[in-house]
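Data file: data.cif. Format and content: mmCIF, C-alpha atoms.
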data_run
loop_
_atom_site.label_atom_id
_atom_site.label_comp_id
_atom_site.auth_asym_id
_atom_site.auth_seq_id
_atom_site.Cartn_x
_atom_site.Cartn_y
_atom_site.Cartn_z
CA MET A 1 0.00 0.00 0.00
CA LEU A 2 2.83 2.42 0.86
CA GLN A 3 4.61 1.71 -2.41
CA GLU A 4 1.38 2.17 -4.36
CA MET A 5 1.03 5.62 -2.79
CA LYS A 6 4.65 6.40 -3.68
CA ILE A 7 4.01 5.31 -7.26
CA LYS A 8 0.96 7.58 -7.48
CA ASN A 9 2.93 10.47 -6.06
CA SER A 10 5.76 9.93 -8.53
CA ILE A 11 3.38 9.74 -11.48
CA ALA A 12 1.64 12.90 -10.30
CA GLN A 13 5.03 14.64 -10.19
CA ILE A 14 5.91 13.38 -13.66
CA LYS A 15 2.64 14.67 -15.07
CA LYS A 16 3.11 17.99 -13.29
CA GLU A 17 6.78 18.57 -14.12
CA ARG A 18 6.86 16.80 -17.51
CA PRO A 19 10.57 15.98 -17.16
CA LEU A 20 12.58 15.98 -20.36
CA ILE A 21 14.13 12.57 -20.97
CA LEU A 22 16.90 12.62 -23.57
CA ASN A 23 17.17 9.27 -25.33
CA ILE A 24 20.32 8.31 -27.18
CA THR A 25 18.83 5.06 -28.30
CA ASN A 26 18.47 2.47 -31.02
CA ALA A 27 16.37 3.08 -34.12
CA VAL A 28 14.37 -0.14 -33.77
CA THR A 29 12.34 0.93 -30.72
CA MET A 30 12.50 4.72 -30.84
CA ASP A 31 8.83 5.23 -31.72
CA PHE A 32 7.59 2.96 -28.91
CA ILE A 33 9.84 4.66 -26.35
CA ALA A 34 8.66 8.13 -27.34
CA ASN A 35 4.99 7.15 -27.25
CA GLY A 36 5.38 5.38 -23.91
CA LEU A 37 7.03 8.38 -22.27
CA LEU A 38 4.35 10.69 -23.65
CA CYS A 39 1.62 8.43 -22.27
CA LEU A 40 3.33 8.47 -18.88
CA GLY A 41 3.41 12.26 -18.90
CA ALA A 42 7.12 12.82 -19.51
CA SER A 43 8.63 14.74 -22.43
CA PRO A 44 10.79 12.54 -24.69
CA VAL A 45 13.47 13.84 -27.01
CA MET A 46 15.54 11.65 -29.31
CA SER A 47 18.80 12.81 -30.80
CA LYS A 48 21.50 11.48 -33.11
CA SER A 49 23.31 14.79 -33.48
CA GLU A 50 26.44 15.58 -31.49
CA GLN A 51 26.06 19.25 -32.39
CA GLU A 52 22.91 19.68 -30.30
CA LEU A 53 23.85 17.50 -27.33
CA GLU A 54 25.03 20.27 -25.03
CA ASP A 55 21.83 22.26 -25.50
CA LEU A 56 19.61 19.22 -24.99
CA ILE A 57 21.43 17.88 -21.95
CA GLN A 58 21.24 21.27 -20.27
CA LEU A 59 17.45 21.02 -20.64
CA ALA A 60 17.15 17.31 -19.83
CA ASN A 61 16.24 15.92 -16.45
CA ALA A 62 17.72 12.50 -17.22
CA VAL A 63 19.66 10.84 -20.04
CA VAL A 64 19.06 7.33 -21.40
CA ILE A 65 21.88 5.51 -23.20
CA ASN A 66 20.56 2.47 -25.05
CA LEU A 67 23.17 0.36 -26.86
CA GLY A 68 20.76 -1.60 -29.03
CA THR A 69 22.21 -0.70 -32.42
CA LEU A 70 25.96 -0.18 -32.21
CA ASP A 71 28.52 1.34 -34.52
CA GLU A 72 31.52 3.56 -33.90
CA LYS A 73 29.70 6.80 -34.73
CA PHE A 74 26.91 5.94 -32.28
CA ILE A 75 29.42 5.05 -29.55
CA THR A 76 31.18 8.39 -30.02
CA LEU A 77 27.81 10.15 -29.71
CA CYS A 78 27.04 8.26 -26.48
CA GLN A 79 30.45 9.05 -25.03
CA ARG A 80 29.94 12.75 -25.69
CA ALA A 81 26.47 12.59 -24.14
CA CYS A 82 27.76 10.86 -21.01
CA ALA A 83 30.62 13.31 -20.58
CA LEU A 84 28.24 16.27 -20.82
CA ALA A 85 25.67 14.63 -18.53
CA ASN A 86 28.35 13.99 -15.89
CA HIS A 87 29.60 17.56 -16.20
CA LEU A 88 26.09 18.96 -15.83
CA LYS A 89 25.20 16.43 -13.09
CA LYS A 90 22.33 14.87 -15.03
CA PRO A 91 21.61 11.21 -14.15
CA ILE A 92 22.35 8.55 -16.76
CA VAL A 93 20.40 5.31 -17.15
CA LEU A 94 22.25 2.70 -19.22
CA ASP A 95 20.67 -0.17 -21.13
CA PRO A 96 23.50 -2.56 -22.19
CA VAL A 97 21.41 -4.29 -24.85
CA GLY A 98 22.92 -7.58 -25.95
CA ALA A 99 25.88 -7.55 -23.56
CA GLY A 100 27.22 -11.09 -23.64
CA ALA A 101 26.02 -11.70 -27.18
CA SER A 102 29.27 -10.31 -28.56
CA GLN A 103 32.55 -9.17 -27.06
CA TYR A 104 32.00 -5.83 -28.81
CA ARG A 105 28.75 -5.18 -26.95
CA THR A 106 30.11 -6.36 -23.60
CA ARG A 107 33.28 -4.32 -23.89
CA THR A 108 31.39 -1.20 -25.00
CA SER A 109 28.95 -1.45 -22.11
CA LEU A 110 31.76 -1.88 -19.59
CA ASP A 111 33.65 1.07 -21.09
CA PHE A 112 30.69 3.32 -20.31
CA ILE A 113 30.34 1.98 -16.78
CA ASN A 114 34.08 2.30 -16.08
CA ASN A 115 34.57 5.73 -17.62
CA PHE A 116 31.40 7.60 -16.65
CA ARG A 117 29.15 8.00 -13.61
CA ILE A 118 26.11 5.87 -14.39
CA ALA A 119 23.19 6.06 -11.97
CA ILE A 120 21.23 2.96 -13.03
CA VAL A 121 21.91 -0.03 -15.25
CA LYS A 122 18.90 -1.95 -16.58
CA GLY A 123 19.43 -5.30 -18.25
CA ASN A 124 18.22 -8.87 -18.29
CA ALA A 125 19.98 -11.55 -16.26
CA SER A 126 22.28 -12.65 -19.07
CA GLU A 127 23.38 -9.07 -19.75
CA ILE A 128 24.08 -8.37 -16.08
CA LEU A 129 26.00 -11.62 -15.66
CA ALA A 130 28.06 -10.84 -18.76
CA LEU A 131 28.96 -7.40 -17.41
CA SER A 132 30.01 -8.92 -14.10
CA GLY A 133 32.46 -11.24 -15.83
CA ALA A 134 30.45 -14.46 -15.69
CA SER A 135 30.81 -16.88 -18.61
CA ILE A 136 27.42 -16.48 -20.23
CA LYS A 137 26.09 -16.22 -23.74
CA THR A 138 22.88 -14.37 -24.50
CA LYS A 139 20.48 -15.36 -27.25
CA GLY A 140 20.55 -12.11 -29.18
CA VAL A 141 18.97 -9.63 -26.76
CA GLU A 142 17.07 -12.35 -24.87
CA SER A 143 18.19 -13.72 -21.52
CA THR A 144 19.14 -17.37 -21.32
CA VAL A 145 18.97 -17.49 -17.51
CA GLN A 146 16.52 -16.56 -14.77
CA SER A 147 16.77 -13.19 -13.03
CA ASP A 148 17.49 -14.62 -9.56
CA SER A 149 20.66 -16.31 -10.79
CA ALA A 150 22.23 -12.88 -11.27
CA ILE A 151 21.50 -11.42 -7.82
CA LYS A 152 24.91 -12.03 -6.21
CA ASN A 153 26.77 -10.81 -9.28
CA ALA A 154 24.51 -7.74 -9.45
CA GLN A 155 25.15 -6.93 -5.79
CA ASP A 156 28.90 -7.11 -6.21
CA PHE A 157 28.73 -5.12 -9.43
CA SER A 158 26.52 -2.49 -7.79
CA VAL A 159 28.99 -1.97 -4.94
CA LEU A 160 32.03 -1.92 -7.25
CA HIS A 161 30.60 0.62 -9.68
CA GLU A 162 28.20 2.53 -7.38
CA VAL A 163 25.16 1.92 -9.57
CA ALA A 164 21.65 0.66 -9.00
CA ILE A 165 20.81 -2.36 -11.13
CA VAL A 166 17.45 -3.48 -12.47
CA ILE A 167 17.41 -7.11 -13.65
CA SER A 168 14.36 -7.48 -15.85
CA GLY A 169 12.64 -10.79 -16.44
CA LYS A 170 9.70 -12.91 -15.34
CA THR A 171 10.72 -11.71 -11.89
CA ASP A 172 12.19 -8.22 -11.87
CA ILE A 173 14.94 -7.68 -9.31
CA ILE A 174 16.26 -4.30 -8.21
CA VAL A 175 19.64 -4.17 -6.47
CA ASP A 176 21.64 -1.32 -4.95
CA ALA A 177 24.49 -2.08 -2.52
CA ASN A 178 22.64 -3.62 0.47
CA ASN A 179 19.12 -3.26 -0.94
CA ILE A 180 17.18 -5.86 -2.90
CA GLN A 181 13.56 -5.86 -4.02
CA GLN A 182 11.71 -8.25 -6.30
CA SER A 183 8.57 -7.81 -8.37
CA THR A 184 6.51 -10.52 -10.06
CA TYR A 185 4.12 -8.15 -11.85
CA GLY A 186 3.98 -8.31 -15.62
CA SER A 187 2.77 -10.55 -18.42
CA PRO A 188 4.22 -13.21 -20.74
CA LEU A 189 3.09 -10.96 -23.59
CA MET A 190 5.62 -8.28 -22.69
CA PRO A 191 8.64 -10.05 -24.27
CA LYS A 192 6.58 -10.54 -27.45
CA ILE A 193 6.72 -6.79 -28.16
CA THR A 194 9.94 -5.27 -29.43
CA GLY A 195 10.88 -2.38 -27.18
CA THR A 196 9.23 -3.24 -23.87
CA GLY A 197 12.67 -3.53 -22.26
CA CYS A 198 13.87 -0.33 -23.89
CA LEU A 199 10.79 1.54 -22.75
CA LEU A 200 11.23 0.25 -19.19
CA THR A 201 14.69 1.86 -19.16
CA ALA A 202 13.19 5.18 -20.25
CA VAL A 203 10.38 4.95 -17.69
CA ILE A 204 12.97 4.32 -14.96
CA ALA A 205 14.73 7.49 -16.12
CA ALA A 206 11.47 9.43 -15.91
CA PHE A 207 10.89 8.24 -12.35
CA HIS A 208 14.48 9.08 -11.44
CA ALA A 209 13.89 12.60 -12.76
CA VAL A 210 11.37 13.18 -9.94
CA GLU A 211 12.70 10.71 -7.33
CA LYS A 212 16.37 11.40 -6.65
CA ASN A 213 17.06 8.15 -4.78
CA ARG A 214 18.15 5.84 -7.59
CA PHE A 215 17.08 2.62 -5.86
CA GLU A 216 13.66 4.01 -4.91
CA ALA A 217 13.11 5.36 -8.42
CA SER A 218 14.08 1.98 -9.93
CA VAL A 219 11.75 0.08 -7.61
CA LEU A 220 8.75 2.34 -8.17
CA ALA A 221 9.20 2.50 -11.94
CA THR A 222 9.63 -1.28 -12.27
CA LEU A 223 6.60 -2.05 -10.09
CA PHE A 224 4.47 0.44 -12.00
CA TYR A 225 5.60 -0.90 -15.36
CA GLY A 226 4.84 -4.49 -14.40
CA MET A 227 1.40 -3.52 -13.09
CA CYS A 228 0.61 -1.82 -16.39
CA GLY A 229 1.64 -4.94 -18.28
CA GLU A 230 -0.45 -7.18 -16.08
CA SER A 231 -3.53 -4.98 -16.46
CA ALA A 232 -3.12 -4.68 -20.23
CA ALA A 233 -2.86 -8.45 -20.65
CA LYS A 234 -6.26 -9.05 -19.04
CA THR A 235 -8.15 -7.67 -22.04
CA SER A 236 -5.64 -8.39 -24.83
CA GLN A 237 -6.13 -10.97 -27.55
CA GLY A 238 -2.45 -11.17 -28.45
CA PRO A 239 0.74 -9.11 -28.86
CA ALA A 240 -0.76 -6.49 -31.21
CA SER A 241 -3.72 -5.60 -29.00
CA PHE A 242 -1.47 -5.84 -25.93
CA LYS A 243 0.84 -3.15 -27.30
CA ILE A 244 -2.04 -0.71 -27.68
CA LYS A 245 -3.59 -1.54 -24.33
CA PHE A 246 -0.21 -1.29 -22.62
CA LEU A 247 0.23 2.29 -23.83
CA ASP A 248 -3.30 3.02 -22.60
CA GLU A 249 -2.37 1.65 -19.17
CA LEU A 250 0.73 3.88 -19.02
CA TYR A 251 -1.58 6.81 -19.78
CA GLU A 252 -4.47 5.90 -17.48
CA LYS A 253 -2.86 4.29 -14.45
CA ASN A 254 -2.16 6.72 -11.60
#

Written form, structure tokens:
Amino acid sequence: MLQEMKIKNSIAQIKKERPLILNITNAVTMDFIANGLLCLGASPVMSKSEQELEDLIQLANAVVINLGTLDEKFITLCQRACALANHLKKPIVLDPVGAGASQYRTRTSLDFINNFRIAIVKGNASEILALSGASIKTKGVESTVQSDSAIKNAQDFSVLHEVAIVISGKTDIIVDANNIQQSTYGSPLMPKITGTGCLLTAVIAAFHAVEKNRFEASVLATLFYGMCGESAAKTSQGPASFKIKFLDELYEKN
């Protein structure tokens, strides 16, 4: 009950303040992320231009770095964004998409974590295990292991790098130093939609824009997101109708 009240308060703040969330993200899910943030009440902006980064980050309340579609130009853009965000003290939420699927993705993700102050890392269990040095192979961007198998690694990684970690999956697990919380909200339809993980990262950033405690923001955002998925699934006929109803839930739930 207390957390539900905190979620309502955070959503009310998001709708009131309309925080600007700058997304340096992959092209595959950009539309879904933007629509989801708009439904929530936040203000999304997407950019692929290094020339405008300083202006946008000055305005932004949080910055999302999503490594879904990698090339050297994109990495350079993300590095510039992180450097500016650190300088301007804007929180960064990192989504290490596909870490463990290739050495390139794992190494790139770790470079960002080692070289910049990242507030929150959101990934599935395979991605988090890969970042922590475990011998694991992902199946593309899908996890090959259960979330709870990554808890100890996530705790150690959180302490080492001073980040909160959200392990997404059938059970979502949020870790920050000595804190752990689990959530079983959600629906099996969520992984059937491209971008639900990417949008979760952006929603976490929106919550962190109004809730400065990174662990609390991660917990509230993840619980809220799972509740929306669970509600949407009740009246959905399949993935297509679920996607529409899920956006409606992000808009209506408060």

Quiz item: Selected by the PyMOL selection byres ((chain A and resi 64) around 8) in the shown coordinates: which residues, as a ChimeraX atom specification?
Solution: /A:21-25,62-63,65-66,92-95,201-202,205

Take the residues from that selection and write them out as a CSV table (one decimal), keeping the file's coordinate frame, keeping C-alpha atoms.
chain,number,residue,atom,x,y,z
A,21,ILE,CA,14.1,12.6,-21.0
A,22,LEU,CA,16.9,12.6,-23.6
A,23,ASN,CA,17.2,9.3,-25.3
A,24,ILE,CA,20.3,8.3,-27.2
A,25,THR,CA,18.8,5.1,-28.3
A,62,ALA,CA,17.7,12.5,-17.2
A,63,VAL,CA,19.7,10.8,-20.0
A,65,ILE,CA,21.9,5.5,-23.2
A,66,ASN,CA,20.6,2.5,-25.0
A,92,ILE,CA,22.4,8.6,-16.8
A,93,VAL,CA,20.4,5.3,-17.2
A,94,LEU,CA,22.2,2.7,-19.2
A,95,ASP,CA,20.7,-0.2,-21.1
A,201,THR,CA,14.7,1.9,-19.2
A,202,ALA,CA,13.2,5.2,-20.2
A,205,ALA,CA,14.7,7.5,-16.1

Practice problem: Can you turn the PyMOL selection byres ((chain A and resi 107) around 12) into a concrete residue list for this file, as a PyMOL selection string? | Solution: chain A and resi 67+70+75+96-106+108-115+127+130-133

Please, which residues in stretch 173-219 of chain A fall within 8 Å of stretch 26-29 of chain A when counting only C-alpha atoms, and what is the closest atom pair and distance in Å to one decimal for each, ordered by chain then residue number, as a Markdown table?
| residue | atom | partner | partner_atom | distance |
| --- | --- | --- | --- | --- |
| A:Thr194 | CA | A:Thr29 | CA | 6.8 |
| A:Gly195 | CA | A:Thr29 | CA | 5.1 |
| A:Cys198 | CA | A:Thr29 | CA | 7.1 |

Quiz item: If the PyMOL selection byres ((chain A and resi 44) around 8) is run on the structure shown, which residues does it catch, given as a PyMOL selection string?
Solution: chain A and resi 20-23+34+37-38+42-43+45-46

Practice problem: Might you pull out every residue within 12 Å of A:Asn178, with only C-alpha atoms counted and same-chain residues fewer than 2 positions away left off, and present them as a ChimeraX atom specification? | Solution: /A:151-152,154-159,162-165,174-176,180-181,215

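For the atom pair formed by atom CA of A:Met5 and atom CA of A:Leu189, the distance is 26.7 Å, given to one decimal.
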
Quiz item: Quick one, how far is atom CA of A:Asn213 from atom CA of A:Ile128?
Solution: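 Computing it gives 21.2 Å between the two atoms.
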
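Here atom CA of A:Cys78 stands at a distance of 8.9 Å from atom CA of A:Glu50.
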
Self-check item: Residue among A:Ile118, A:Val219, A:Ile57, A:Leu84 lying closest to A:Lys6, counting all atoms listed in the file
Solution: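 Answer, going by the shortest atom-to-atom distance: A:Val219.
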
Self-check item: Long-range neighbours of A:Arg214 as a list in words, 7 Å cut-off, all atoms listed in the file, 4 positions minimum in chain
Solution: Ala119, Ile120, Ala164, His208 and Ser218 of chain A

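In this comparison, which uses only C-alpha atoms, the residue of A:Ala232, A:Leu200, A:Ala83, A:Ala206 approaching A:Ala12 most closely is A:Ala206.
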
Contact residues around A:Ile11 with all atoms listed in the file at 10 Å, ignoring same-chain residues under 5 positions, as a PDB file with C-alpha atoms, in the frame of the given file:
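Listed below is the output, part_29.pdb:
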ATOM      1  CA  MET A   5       1.030   5.620  -2.790  1.00  0.00           C
ATOM      2  CA  LYS A   6       4.650   6.400  -3.680  1.00  0.00           C
ATOM      3  CA  LYS A  16       3.110  17.990 -13.290  1.00  0.00           C
ATOM      4  CA  GLU A  17       6.780  18.570 -14.120  1.00  0.00           C
ATOM      5  CA  ARG A  18       6.860  16.800 -17.510  1.00  0.00           C
ATOM      6  CA  LEU A  40       3.330   8.470 -18.880  1.00  0.00           C
ATOM      7  CA  GLY A  41       3.410  12.260 -18.900  1.00  0.00           C
ATOM      8  CA  ALA A  42       7.120  12.820 -19.510  1.00  0.00           C
ATOM      9  CA  ALA A 206      11.470   9.430 -15.910  1.00  0.00           C
ATOM     10  CA  PHE A 207      10.890   8.240 -12.350  1.00  0.00           C
ATOM     11  CA  VAL A 210      11.370  13.180  -9.940  1.00  0.00           C
ATOM     12  CA  LEU A 220       8.750   2.340  -8.170  1.00  0.00           C
ATOM     13  CA  ALA A 221       9.200   2.500 -11.940  1.00  0.00           C
ATOM     14  CA  PHE A 224       4.470   0.440 -12.000  1.00  0.00           C
ATOM     15  CA  LEU A 250       0.730   3.880 -19.020  1.00  0.00           C
ATOM     16  CA  LYS A 253      -2.860   4.290 -14.450  1.00  0.00           C
ATOM     17  CA  ASN A 254      -2.160   6.720 -11.600  1.00  0.00           C
TER      18      ASN A 254
END

Box for stretch 167-180 of chain A - axis-aligned, 8 Å on each of the six sides, all listed atoms - centre and size in Å to one decimal, as AutoDock Vina command-line options.
--center_x 17.1 --center_y -7.1 --center_z -8.0 --size_x 30.8 --size_y 27.6 --size_z 32.9

Missing atoms of stretch 16-32 of chain A rebuilt to N, CA and C atoms, written as a CSV table (one decimal), keeping the file's coordinate frame:
chain,number,residue,atom,x,y,z
A,16,LYS,N,3.0,16.6,-13.6
A,16,LYS,CA,3.1,18.0,-13.3
A,16,LYS,C,4.4,18.6,-13.9
A,17,GLU,N,5.5,18.0,-13.7
A,17,GLU,CA,6.8,18.6,-14.1
A,17,GLU,C,7.1,18.3,-15.6
A,18,ARG,N,6.6,17.2,-16.1
A,18,ARG,CA,6.9,16.8,-17.5
A,18,ARG,C,8.4,16.8,-17.8
A,19,PRO,N,9.1,16.0,-17.0
A,19,PRO,CA,10.6,16.0,-17.2
A,19,PRO,C,11.0,15.6,-18.6
A,20,LEU,N,12.0,16.3,-19.0
A,20,LEU,CA,12.6,16.0,-20.4
A,20,LEU,C,13.6,14.8,-20.3
A,21,ILE,N,13.3,13.8,-21.0
A,21,ILE,CA,14.1,12.6,-21.0
A,21,ILE,C,14.8,12.5,-22.3
A,22,LEU,N,16.1,12.7,-22.3
A,22,LEU,CA,16.9,12.6,-23.6
A,22,LEU,C,17.3,11.2,-23.8
A,23,ASN,N,16.9,10.7,-25.0
A,23,ASN,CA,17.2,9.3,-25.3
A,23,ASN,C,18.2,9.2,-26.5
A,24,ILE,N,19.4,8.7,-26.1
A,24,ILE,CA,20.3,8.3,-27.2
A,24,ILE,C,20.1,6.8,-27.3
A,25,THR,N,19.4,6.4,-28.3
A,25,THR,CA,18.8,5.1,-28.3
A,25,THR,C,18.9,4.4,-29.7
A,26,ASN,N,18.4,3.2,-29.7
A,26,ASN,CA,18.5,2.5,-31.0
A,26,ASN,C,17.2,2.8,-31.9
A,27,ALA,N,17.4,2.7,-33.2
A,27,ALA,CA,16.4,3.1,-34.1
A,27,ALA,C,15.2,2.1,-34.1
A,28,VAL,N,15.4,0.9,-33.7
A,28,VAL,CA,14.4,-0.1,-33.8
A,28,VAL,C,13.2,0.2,-32.9
A,29,THR,N,13.4,0.7,-31.7
A,29,THR,CA,12.3,0.9,-30.7
A,29,THR,C,12.1,2.4,-30.4
A,30,MET,N,12.6,3.3,-31.2
A,30,MET,CA,12.5,4.7,-30.8
A,30,MET,C,11.1,5.2,-30.7
A,31,ASP,N,10.2,4.8,-31.7
A,31,ASP,CA,8.8,5.2,-31.7
A,31,ASP,C,8.1,4.8,-30.5
A,32,PHE,N,8.3,3.5,-30.1
A,32,PHE,CA,7.6,3.0,-28.9
A,32,PHE,C,8.0,3.7,-27.6
